[in-house]
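Next comes run_10.cif, a file with mmCIF, C-alpha atoms.
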```cif
data_run
loop_
_atom_site.label_atom_id
_atom_site.label_comp_id
_atom_site.auth_asym_id
_atom_site.auth_seq_id
_atom_site.Cartn_x
_atom_site.Cartn_y
_atom_site.Cartn_z
CA MET A 170 0.00 0.00 0.00
CA SER A 171 1.95 3.02 -1.22
CA GLU A 172 -0.53 5.88 -0.83
CA LYS A 173 -0.11 8.27 2.07
CA PHE A 174 -2.88 8.92 4.59
CA ASP A 175 -3.63 11.90 6.77
CA VAL A 176 -4.16 9.62 9.74
CA ILE A 177 -3.40 6.01 10.63
CA VAL A 178 -5.32 4.71 13.65
CA VAL A 179 -3.94 1.53 15.22
CA GLY A 180 -6.79 -0.35 16.88
CA ALA A 181 -10.55 -0.54 16.40
CA GLY A 182 -11.82 -0.32 19.96
CA PRO A 183 -13.96 2.62 21.14
CA ALA A 184 -10.99 5.03 21.30
CA GLY A 185 -9.59 4.21 17.87
CA THR A 186 -12.94 4.17 16.12
CA SER A 187 -14.02 7.44 17.74
CA CYS A 188 -10.87 9.04 16.33
CA ALA A 189 -11.24 7.42 12.90
CA TYR A 190 -14.92 8.38 12.63
CA THR A 191 -14.38 12.00 13.70
CA CYS A 192 -11.41 12.46 11.36
CA ALA A 193 -13.26 10.89 8.42
CA LYS A 194 -16.30 13.10 9.03
CA GLN A 195 -13.97 16.09 8.66
CA GLY A 196 -12.81 14.88 5.26
CA LEU A 197 -9.42 13.48 6.28
CA LYS A 198 -8.01 10.37 4.59
CA VAL A 199 -8.04 7.77 7.39
CA LEU A 200 -6.71 4.22 7.65
CA GLN A 201 -7.75 2.12 10.64
CA ILE A 202 -5.82 -1.09 11.33
CA GLU A 203 -7.21 -3.85 13.56
CA ARG A 204 -5.22 -6.95 14.50
CA GLY A 205 -8.33 -9.03 15.24
CA GLU A 206 -10.51 -10.89 12.80
CA TYR A 207 -13.04 -8.08 13.18
CA PRO A 208 -13.47 -5.06 15.51
CA GLY A 209 -14.41 -6.31 18.95
CA SER A 210 -12.93 -9.78 18.57
CA LYS A 211 -9.97 -8.89 20.82
CA ASN A 212 -11.76 -6.45 23.11
CA VAL A 213 -13.25 -7.10 26.53
CA MET A 214 -15.12 -4.88 28.92
CA GLY A 215 -17.80 -5.67 31.45
CA GLY A 216 -20.37 -4.44 29.01
CA VAL A 217 -21.51 -0.93 30.03
CA LEU A 218 -21.58 1.88 27.48
CA TYR A 219 -22.27 5.45 28.57
CA ARG A 220 -24.62 7.53 26.47
CA LYS A 221 -23.21 11.06 26.86
CA GLN A 222 -19.79 10.57 25.29
CA MET A 223 -21.08 8.34 22.49
CA GLU A 224 -23.85 10.80 21.65
CA GLU A 225 -21.29 13.56 21.22
CA ILE A 226 -19.86 11.48 18.37
CA ILE A 227 -23.06 10.05 16.83
CA PRO A 228 -26.24 11.84 17.96
CA GLU A 229 -29.10 9.50 18.92
CA PHE A 230 -26.91 6.48 18.23
CA TRP A 231 -29.21 4.34 20.40
CA LYS A 232 -31.82 4.32 17.65
CA GLU A 233 -29.65 2.10 15.45
CA ALA A 234 -26.72 0.74 17.49
CA PRO A 235 -26.79 -2.95 18.59
CA LEU A 236 -27.38 -2.24 22.28
CA GLU A 237 -28.65 -4.74 24.82
CA ARG A 238 -30.62 -2.95 27.56
CA PRO A 239 -30.80 0.61 28.94
CA VAL A 240 -29.60 0.35 32.54
CA ILE A 241 -32.28 1.51 34.99
CA GLU A 242 -30.74 0.07 38.15
CA GLN A 243 -27.21 0.07 39.52
CA ARG A 244 -26.52 -2.10 42.55
CA PHE A 245 -23.39 -2.38 44.70
CA TRP A 246 -22.69 -5.44 46.80
CA MET A 247 -20.26 -5.67 49.72
CA MET A 248 -19.89 -9.43 49.77
CA ASP A 249 -18.99 -11.86 52.54
CA LYS A 250 -18.94 -15.66 52.28
CA GLU A 251 -22.70 -16.12 52.73
CA SER A 252 -24.14 -12.62 52.60
CA VAL A 253 -24.09 -9.26 50.86
CA LEU A 254 -24.64 -5.74 52.12
CA SER A 255 -26.40 -4.12 49.17
CA PHE A 256 -27.21 -0.57 48.13
CA GLY A 257 -27.97 1.11 44.84
CA TYR A 258 -30.32 3.21 42.78
CA LYS A 259 -33.20 2.40 40.44
CA GLY A 260 -34.80 5.14 38.39
CA LEU A 261 -37.38 4.93 35.63
CA GLU A 262 -36.07 8.18 34.15
CA TRP A 263 -33.14 6.06 32.94
CA ALA A 264 -35.62 3.92 30.97
CA GLN A 265 -36.52 6.88 28.74
CA GLU A 266 -34.61 8.73 26.03
CA PRO A 267 -31.92 9.93 26.06
CA TYR A 268 -31.06 7.23 28.67
CA ASN A 269 -27.99 7.14 30.93
CA ASN A 270 -26.09 4.03 29.91
CA PHE A 271 -26.55 0.65 28.27
CA THR A 272 -25.29 -2.89 28.49
CA VAL A 273 -23.60 -4.02 25.28
CA LEU A 274 -21.81 -7.00 23.78
CA ARG A 275 -18.53 -5.63 22.47
CA ALA A 276 -18.27 -7.98 19.50
CA LYS A 277 -21.53 -6.59 18.13
CA PHE A 278 -21.11 -2.96 19.13
CA ASP A 279 -17.51 -2.53 17.99
CA GLN A 280 -18.32 -3.91 14.55
CA TRP A 281 -21.26 -1.54 14.17
CA PHE A 282 -19.20 1.46 15.31
CA ALA A 283 -16.33 0.62 12.96
CA GLU A 284 -18.82 0.28 10.09
CA LYS A 285 -20.06 3.81 10.85
CA ALA A 286 -16.46 5.04 10.53
CA VAL A 287 -16.18 3.24 7.18
CA GLU A 288 -19.42 4.86 6.02
CA ALA A 289 -17.90 8.22 6.99
CA GLY A 290 -14.92 7.50 4.71
CA SER A 291 -12.38 5.62 6.82
CA LEU A 292 -10.61 2.57 5.37
CA LEU A 293 -10.61 -0.43 7.75
CA ILE A 294 -8.12 -3.29 7.49
CA CYS A 295 -8.46 -6.26 9.87
CA GLU A 296 -6.22 -9.22 10.70
CA THR A 297 -3.18 -6.98 10.37
CA VAL A 298 -0.57 -6.43 13.06
CA VAL A 299 1.31 -3.15 13.29
CA THR A 300 4.80 -4.24 14.30
CA GLU A 301 6.39 -0.82 14.82
CA CYS A 302 6.15 2.88 14.09
CA ILE A 303 8.32 4.33 11.33
CA VAL A 304 10.36 7.19 12.76
CA GLU A 305 12.32 9.64 10.60
CA ASN A 306 14.24 12.58 12.03
CA GLY A 307 12.53 12.19 15.38
CA LYS A 308 9.01 12.19 13.89
CA VAL A 309 6.57 9.31 13.48
CA VAL A 310 5.73 9.17 9.78
CA GLY A 311 3.96 5.83 9.45
CA VAL A 312 3.81 2.21 10.54
CA LYS A 313 5.19 -1.18 9.56
CA THR A 314 2.78 -4.10 9.42
CA ASP A 315 3.12 -7.86 9.14
CA ARG A 316 1.83 -7.78 5.56
CA PRO A 317 4.12 -7.97 2.49
CA ASP A 318 5.33 -4.48 1.58
CA GLY A 319 3.60 -3.43 4.77
CA GLU A 320 5.02 0.07 5.24
CA ILE A 321 2.27 2.70 5.31
CA TYR A 322 2.80 6.43 5.75
CA ALA A 323 0.70 9.20 7.29
CA ASP A 324 0.99 12.68 8.78
CA VAL A 325 -0.22 11.38 12.16
CA VAL A 326 -0.34 7.94 13.77
CA VAL A 327 -2.83 7.39 16.61
CA LEU A 328 -2.00 4.63 19.07
CA ALA A 329 -5.22 2.95 20.21
CA ASP A 330 -3.61 -0.45 20.62
CA GLY A 331 -4.70 -1.22 24.17
CA VAL A 332 -3.33 -1.36 27.69
CA ASN A 333 -0.01 -3.00 26.87
CA SER A 334 0.76 -0.67 23.98
CA LEU A 335 3.83 -2.17 22.33
CA LEU A 336 4.07 0.81 20.00
CA GLY A 337 4.05 3.27 22.88
CA LYS A 338 6.78 1.23 24.52
CA GLN A 339 8.79 1.22 21.29
CA LEU A 340 8.63 5.02 21.17
CA GLY A 341 9.70 5.31 24.80
CA PHE A 342 6.38 6.80 25.90
CA HIS A 343 6.13 4.30 28.75
CA LYS A 344 8.04 1.40 30.27
CA GLU A 345 6.65 -2.06 30.97
CA PHE A 346 3.71 -1.48 33.29
CA ARG A 347 4.14 -2.87 36.80
CA PRO A 348 1.81 -5.64 38.06
CA ASP A 349 -0.02 -3.10 40.28
CA GLU A 350 -0.74 -0.91 37.24
CA VAL A 351 -2.85 -3.46 35.37
CA ALA A 352 -5.67 -5.82 36.28
CA LEU A 353 -6.51 -9.15 34.71
CA THR A 354 -10.24 -9.52 34.16
CA VAL A 355 -11.95 -12.74 33.13
CA MET A 356 -15.54 -12.75 31.94
CA GLU A 357 -18.18 -15.20 30.79
CA VAL A 358 -21.29 -14.62 28.72
CA ILE A 359 -24.10 -16.89 29.92
CA ASN A 360 -27.19 -17.34 27.76
CA LEU A 361 -30.45 -17.14 29.66
CA PRO A 362 -34.05 -16.61 28.43
CA LYS A 363 -35.29 -13.04 28.58
CA ASP A 364 -38.23 -13.88 30.85
CA LYS A 365 -35.95 -15.46 33.45
CA ILE A 366 -33.66 -12.43 33.43
CA ASN A 367 -36.65 -10.12 33.89
CA ASP A 368 -38.04 -12.20 36.77
CA ARG A 369 -34.73 -12.59 38.62
CA PHE A 370 -33.70 -8.95 38.35
CA ASN A 371 -37.24 -7.49 38.60
CA LEU A 372 -37.06 -5.89 35.15
CA GLU A 373 -39.21 -5.38 32.09
CA ASP A 374 -38.10 -6.14 28.52
CA ASN A 375 -36.26 -2.89 27.79
CA GLN A 376 -34.71 -2.47 31.23
CA GLY A 377 -31.27 -3.49 32.48
CA CYS A 378 -29.47 -3.90 35.79
CA THR A 379 -25.80 -3.84 36.74
CA ILE A 380 -24.32 -5.25 39.94
CA GLU A 381 -20.81 -4.29 41.04
CA ILE A 382 -19.42 -6.71 43.63
CA PHE A 383 -16.62 -6.16 46.16
CA GLY A 384 -15.04 -8.23 48.91
CA ASP A 385 -15.34 -12.01 48.83
CA SER A 386 -15.73 -11.93 45.04
CA THR A 387 -11.95 -11.43 44.87
CA LYS A 388 -11.19 -13.30 48.11
CA GLY A 389 -10.56 -9.98 49.82
CA ASN A 390 -7.97 -8.82 47.30
CA LEU A 391 -8.06 -5.49 45.45
CA GLY A 392 -10.47 -5.85 42.58
CA THR A 393 -14.12 -6.09 41.64
CA ALA A 394 -16.63 -8.43 40.07
CA PHE A 395 -19.72 -7.67 38.05
CA LEU A 396 -23.01 -9.12 36.86
CA TYR A 397 -24.81 -7.35 34.00
CA THR A 398 -28.04 -8.09 32.17
CA ASN A 399 -28.23 -8.32 28.38
CA LYS A 400 -31.36 -9.05 26.34
CA GLU A 401 -31.01 -12.82 26.55
CA SER A 402 -27.71 -13.32 28.36
CA LEU A 403 -25.72 -12.25 31.40
CA ASN A 404 -22.17 -10.91 31.58
CA ILE A 405 -20.38 -12.09 34.70
CA GLY A 406 -16.74 -11.35 35.41
CA VAL A 407 -14.10 -10.70 38.02
CA GLY A 408 -10.74 -8.95 37.99
CA THR A 409 -7.87 -8.17 40.34
CA THR A 410 -4.58 -6.38 39.92
CA LEU A 411 -1.81 -8.64 38.69
CA SER A 412 0.16 -7.80 41.82
CA SER A 413 -2.69 -9.06 44.04
CA MET A 414 -3.07 -12.14 41.89
CA ILE A 415 0.64 -12.93 42.20
CA LYS A 416 0.79 -12.29 45.97
CA ALA A 417 -2.28 -14.38 46.74
CA LYS A 418 -1.44 -17.03 44.10
CA LEU A 419 -4.88 -16.61 42.55
CA LYS A 420 -5.95 -18.22 39.30
CA PRO A 421 -8.35 -15.98 37.40
CA TYR A 422 -10.70 -18.70 36.18
CA ASP A 423 -10.84 -20.19 39.69
CA LEU A 424 -12.00 -16.79 40.93
CA LEU A 425 -14.71 -16.72 38.28
CA ASP A 426 -15.88 -20.24 39.15
CA GLN A 427 -16.00 -19.35 42.85
CA LEU A 428 -18.01 -16.23 42.07
CA LYS A 429 -20.50 -18.17 39.93
CA ASN A 430 -21.03 -20.65 42.79
CA HIS A 431 -21.35 -18.04 45.54
CA PRO A 432 -24.76 -18.50 47.22
CA MET A 433 -25.70 -14.86 46.50
CA VAL A 434 -24.83 -15.15 42.78
CA LYS A 435 -25.69 -18.71 41.83
CA PRO A 436 -29.51 -18.28 41.76
CA TYR A 437 -29.20 -15.58 39.09
CA LEU A 438 -27.29 -17.96 36.79
CA GLU A 439 -29.29 -21.13 37.33
CA GLY A 440 -30.22 -22.84 34.07
CA GLY A 441 -27.94 -20.61 31.97
CA GLU A 442 -25.65 -21.91 29.24
CA SER A 443 -22.08 -20.70 28.84
CA ALA A 444 -21.63 -18.95 25.48
CA GLU A 445 -18.19 -17.36 25.66
CA TYR A 446 -15.11 -16.94 27.87
CA LEU A 447 -12.95 -13.82 27.62
CA ALA A 448 -9.84 -12.52 29.37
CA HIS A 449 -8.14 -9.15 29.08
CA LEU A 450 -5.73 -6.77 30.81
CA ILE A 451 -7.32 -3.56 32.09
CA PRO A 452 -5.43 -0.34 32.97
CA GLU A 453 -5.43 0.13 36.73
CA GLY A 454 -2.62 2.61 37.38
CA GLY A 455 -4.73 5.72 36.93
CA PHE A 456 -3.34 9.24 37.07
CA HIS A 457 0.20 8.28 38.11
CA SER A 458 0.52 5.81 35.22
CA VAL A 459 -0.64 8.01 32.35
CA PRO A 460 2.21 7.92 29.81
CA ARG A 461 3.30 10.60 27.39
CA VAL A 462 0.33 11.09 25.03
CA VAL A 463 1.67 13.52 22.41
CA GLY A 464 4.77 13.35 20.23
CA ASN A 465 5.94 14.43 16.82
CA GLY A 466 3.40 12.87 14.48
CA VAL A 467 1.81 10.64 17.12
CA LEU A 468 -1.00 10.65 19.73
CA VAL A 469 -2.02 8.05 22.33
CA VAL A 470 -5.68 7.40 23.27
CA GLY A 471 -7.89 5.11 25.36
CA ASP A 472 -6.45 2.16 27.28
CA ALA A 473 -3.04 2.76 25.69
CA ALA A 474 -3.00 6.03 27.65
CA GLN A 475 -4.28 4.34 30.87
CA PHE A 476 -7.56 6.23 30.64
CA VAL A 477 -9.68 4.08 32.97
CA ASN A 478 -11.43 5.14 36.15
CA ALA A 479 -11.67 1.81 37.95
CA ILE A 480 -13.55 3.29 40.90
CA HIS A 481 -16.54 4.17 38.71
CA ARG A 482 -15.99 1.34 36.18
CA GLU A 483 -15.52 3.99 33.47
CA GLY A 484 -13.32 3.14 30.52
CA SER A 485 -15.29 3.12 27.29
CA ASN A 486 -16.50 6.69 27.82
CA MET A 487 -12.97 7.93 28.49
CA ALA A 488 -11.78 6.02 25.43
CA MET A 489 -14.37 7.59 23.15
CA SER A 490 -13.79 11.10 24.49
CA SER A 491 -10.02 10.81 24.15
CA GLY A 492 -10.40 9.53 20.57
CA LYS A 493 -12.66 12.44 19.68
CA MET A 494 -10.29 14.97 21.26
CA ALA A 495 -7.34 13.44 19.41
CA ALA A 496 -9.24 13.76 16.12
CA GLU A 497 -10.06 17.41 16.82
CA ALA A 498 -6.37 18.09 17.50
CA ILE A 499 -5.43 16.40 14.21
CA VAL A 500 -7.92 18.54 12.29
CA LYS A 501 -6.35 21.67 13.81
CA ALA A 502 -2.86 20.43 12.99
CA LYS A 503 -3.98 19.77 9.41
CA GLU A 504 -5.24 23.34 9.09
CA MET A 505 -1.84 24.63 10.27
CA ASN A 506 0.10 21.94 8.38
CA ASP A 507 2.01 21.34 11.59
CA PHE A 508 2.09 17.74 12.83
CA SER A 509 4.89 18.27 15.33
CA GLU A 510 4.35 17.80 19.05
CA THR A 511 3.64 21.53 19.27
CA GLY A 512 1.10 21.34 16.47
CA LEU A 513 -0.69 18.43 18.12
CA ASN A 514 -0.48 19.67 21.68
CA SER A 515 -4.07 20.94 21.69
CA TYR A 516 -4.96 17.29 22.42
CA LYS A 517 -3.05 17.41 25.69
CA ASP A 518 -4.64 20.76 26.55
CA ALA A 519 -8.11 19.38 25.86
CA LEU A 520 -7.41 16.34 28.04
CA SER A 521 -6.31 18.50 30.96
CA ARG A 522 -9.59 20.45 30.80
CA SER A 523 -11.73 17.34 30.44
CA PHE A 524 -13.41 15.05 32.95
CA ILE A 525 -10.83 12.39 32.05
CA MET A 526 -7.82 13.95 33.74
CA LYS A 527 -9.88 15.63 36.46
CA ASP A 528 -11.44 12.32 37.53
CA LEU A 529 -8.16 10.42 37.27
CA GLU A 530 -6.51 13.05 39.45
CA LYS A 531 -9.34 12.89 42.00
CA TYR A 532 -8.78 9.16 42.46
CA LYS A 533 -5.03 9.17 41.86
CA ASP A 534 -4.17 7.42 45.15
CA THR A 535 -7.25 5.24 45.61
CA ALA A 536 -6.12 1.95 44.08
CA HIS A 537 -2.68 2.12 45.68
CA THR A 538 -4.24 2.92 49.09
CA PHE A 539 -6.58 -0.07 49.00
CA GLU A 540 -3.82 -2.39 47.79
CA ASN A 541 -1.30 -1.22 50.39
CA TYR A 542 -3.89 -1.50 53.16
CA PRO A 543 -5.73 -4.77 52.40
CA GLN A 544 -7.85 -4.58 55.56
CA TYR A 545 -10.52 -2.63 53.66
CA PHE A 546 -11.42 -5.65 51.53
CA LYS A 547 -10.26 -8.47 53.81
CA GLU A 548 -11.55 -7.22 57.17
CA TYR A 549 -13.97 -4.33 56.91
CA MET A 550 -16.33 -5.83 54.33
CA PRO A 551 -16.92 -8.98 56.43
CA MET A 552 -17.31 -6.74 59.49
CA MET A 553 -19.92 -4.63 57.68
CA ASN A 554 -21.89 -7.77 56.80
CA GLN A 555 -21.70 -9.05 60.36
CA ALA A 556 -22.77 -5.67 61.72
CA ALA A 557 -25.78 -5.57 59.38
CA SER A 558 -26.74 -9.10 60.40
CA LYS A 559 -26.59 -8.20 64.08
CA PHE A 560 -28.52 -4.97 63.66
CA PHE A 561 -31.34 -6.40 61.55
CA THR A 562 -31.76 -9.62 63.53
CA VAL A 563 -34.84 -9.18 65.73
CA ASP A 564 -34.00 -10.85 69.03
CA GLY A 565 -35.47 -8.52 71.62
CA THR A 566 -32.26 -6.51 72.08
CA PRO A 567 -32.86 -2.72 71.94
CA LYS A 568 -31.43 -1.11 68.80
CA ARG A 569 -29.31 1.33 70.80
CA ASP A 570 -27.69 -1.58 72.60
CA LYS A 571 -27.08 -3.26 69.24
CA GLN A 572 -25.35 -0.13 67.95
CA LYS A 573 -23.10 0.00 71.00
CA GLU A 574 -22.24 -3.68 70.67
CA ILE A 575 -21.38 -3.32 66.96
CA ILE A 576 -19.09 -0.34 67.63
CA ARG A 577 -17.55 -2.10 70.64
CA SER A 578 -16.80 -5.27 68.65
CA MET A 579 -15.19 -3.30 65.81
CA THR A 580 -13.00 -1.16 68.04
CA LYS A 581 -12.14 -4.04 70.41
CA GLU A 582 -10.74 -6.12 67.58
CA LYS A 583 -8.83 -3.36 65.81
CA GLY A 584 -8.55 -0.52 68.31
CA ARG A 585 -10.50 2.73 68.15
CA MET A 586 -7.56 4.77 66.90
CA ARG A 587 -6.74 2.34 64.09
CA VAL A 588 -10.36 2.29 62.94
CA LEU A 589 -10.42 6.10 62.86
CA GLN A 590 -7.12 6.14 60.95
CA ASP A 591 -8.48 3.65 58.41
CA ILE A 592 -11.66 5.69 57.92
CA TYR A 593 -9.66 8.88 57.44
CA ARG A 594 -7.25 7.20 55.02
CA ALA A 595 -10.11 5.85 52.91
CA TRP A 596 -11.81 9.26 52.89
CA ARG A 597 -8.57 10.90 51.74
CA ALA A 598 -8.25 8.36 48.91
CA VAL A 599 -11.69 9.07 47.43
CA LYS A 600 -12.48 12.66 48.44
#
```
Turn the structure described in the file into structure tokens.
Amino acid sequence: MSEKFDVIVVGAGPAGTSCAYTCAKQGLKVLQIERGEYPGSKNVMGGVLYRKQMEEIIPEFWKEAPLERPVIEQRFWMMDKESVLSFGYKGLEWAQEPYNNFTVLRAKFDQWFAEKAVEAGSLLICETVVTECIVENGKVVGVKTDRPDGEIYADVVVLADGVNSLLGKQLGFHKEFRPDEVALTVMEVINLPKDKINDRFNLEDNQGCTIEIFGDSTKGNLGTAFLYTNKESLNIGVGTTLSSMIKAKLKPYDLLDQLKNHPMVKPYLEGGESAEYLAHLIPEGGFHSVPRVVGNGVLVVGDAAQFVNAIHREGSNMAMSSGKMAAEAIVKAKEMNDFSETGLNSYKDALSRSFIMKDLEKYKDTAHTFENYPQYFKEYMPMMNQAASKFFTVDGTPKRDKQKEIIRSMTKEKGRMRVLQDIYRAWRAVK
């Protein structure tokens, strides 16, 4: 392929396709390269897509996109071995346009989104691996692929090649990420009739529910699990940081099997048939792990830039926004005919003003705090379940006496000062 492009986008996940679509809509000549058999074949996320950021790219996309269910309820479980302390929110306003978020199956959604970019004018090539960036005089000018005569040139290359971006590493934008900067998530899609899903989750046909699970789902290690409703299937998954997995000698698929057989989870899955297993690395490092994102002739977006807010399970929305902002910076650079780092730096400026960097900065110490102080998952979540059990058990004991006993048992075991220190440390990590 000898022709030169304005933009080469490496990767066809939400970040890459957002960039390709936005650039193509502005009349730029775009090539998008995907290593998988099709967009979405190599991508994994729990399955929640946020409306706001996607709508900024394709207005009213929900009228044609292959979505599963609008989410009307979000639950959070603090899990112990035989119990959960649950809280959440259910609102029928989320069941109406323009909606809040949706459950999706990535294999379907990513293909649809990439097709929209193709309709806008982007050229998509699948089953092609970009092996390295072509650098001349300190500027990225194209990519090498594993195809014969596979050198392709462009004014700008956008790295949307995922959490372990080999191209970013090649350019020196980041080193090998540490085990505490990435999480390994395993997920299973379980087919289940629509009526059973509706009955078990108290939903109607066009309503969805998400459950985020903490505590025993990861055997008290830093991480989360999830259970999401699709039209006629469930997404269930669990992930922990690689560092936690190594320390505790955990096997990811063992964690998933234990979660599926937990007495609080198992009834939701009963009678379901396994349709697909998936595993993927997820960025976990947050603000402190964000690599260099702008260079001469190159930008970094999505997971490759560590744009994931694990606390709020936000990744796809950050990916799409970063892809759109990268495209807008490329359009400006094209107008100036300046594809140097200076010419592309409006991307970095836009990021710093956006919710992406502001939210990552807000939670910059959260993951490290909870990993360095494992008592939050290993000790406090079981204690919260035990406290709830004591308080809500009707045995003739006055409620005030129950409150005193709960506080006394917590502080006796750990010491009042240590409990106060732990509460303050957790507040500092999420404030």
- Task: Counting only C-alpha atoms, note down every residue that has an atom within 10 Å of the point (-2.9, 3.7, 53.1) (file coordinates), as a count of residues only.
- Result: 19
- Which residue gives the smallest distance to Leu419 of chain A among A:Ala479, A:Ile405, A:Val325, A:Leu353, with all atoms listed in the file counted?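 For Leu419 of chain A, the nearest of the candidates is A:Leu353.
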- Query: What's the 12 Å shell around Asp426 of chain A, counting only C-alpha atoms, without same-chain residues fewer than 3 positions away, as a ChimeraX atom specification?
  - Reply: /A:355-357,386-387,394,405-407,420-423,429-431,434-435,438,446
- Query: Can you tell me, as a PyMOL selection string, what residues are no more than 10 Å from Tyr549 of chain A when counting only C-alpha atoms, ignoring any on the same chain fewer than 6 positions away?
  - Reply: chain A and resi 247+384+389+543+555+579+588+591
- Query: atom CA of Leu425 of chain A to atom CA of Asp528 of chain A: how many Å, to one decimal?
  - Reply: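 Going from atom CA of Leu425 of chain A over to atom CA of Asp528 of chain A covers 29.2 Å.
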- Could you tell me, as a PyMOL selection string, which residues have any atom at most 10 Å from (-27.3, 3.4, 43.7), counting all atoms listed in the file? chain A and resi 242-245+255-260+380
- Message: Residue by residue, what does the PyMOL selection byres ((chain A and resi 231) around 12) grab here? Present the result as an MDAnalysis selection string.
- Response: chainID A and resid 218:221 223:224 226:230 232:239 265:273 278 281:282
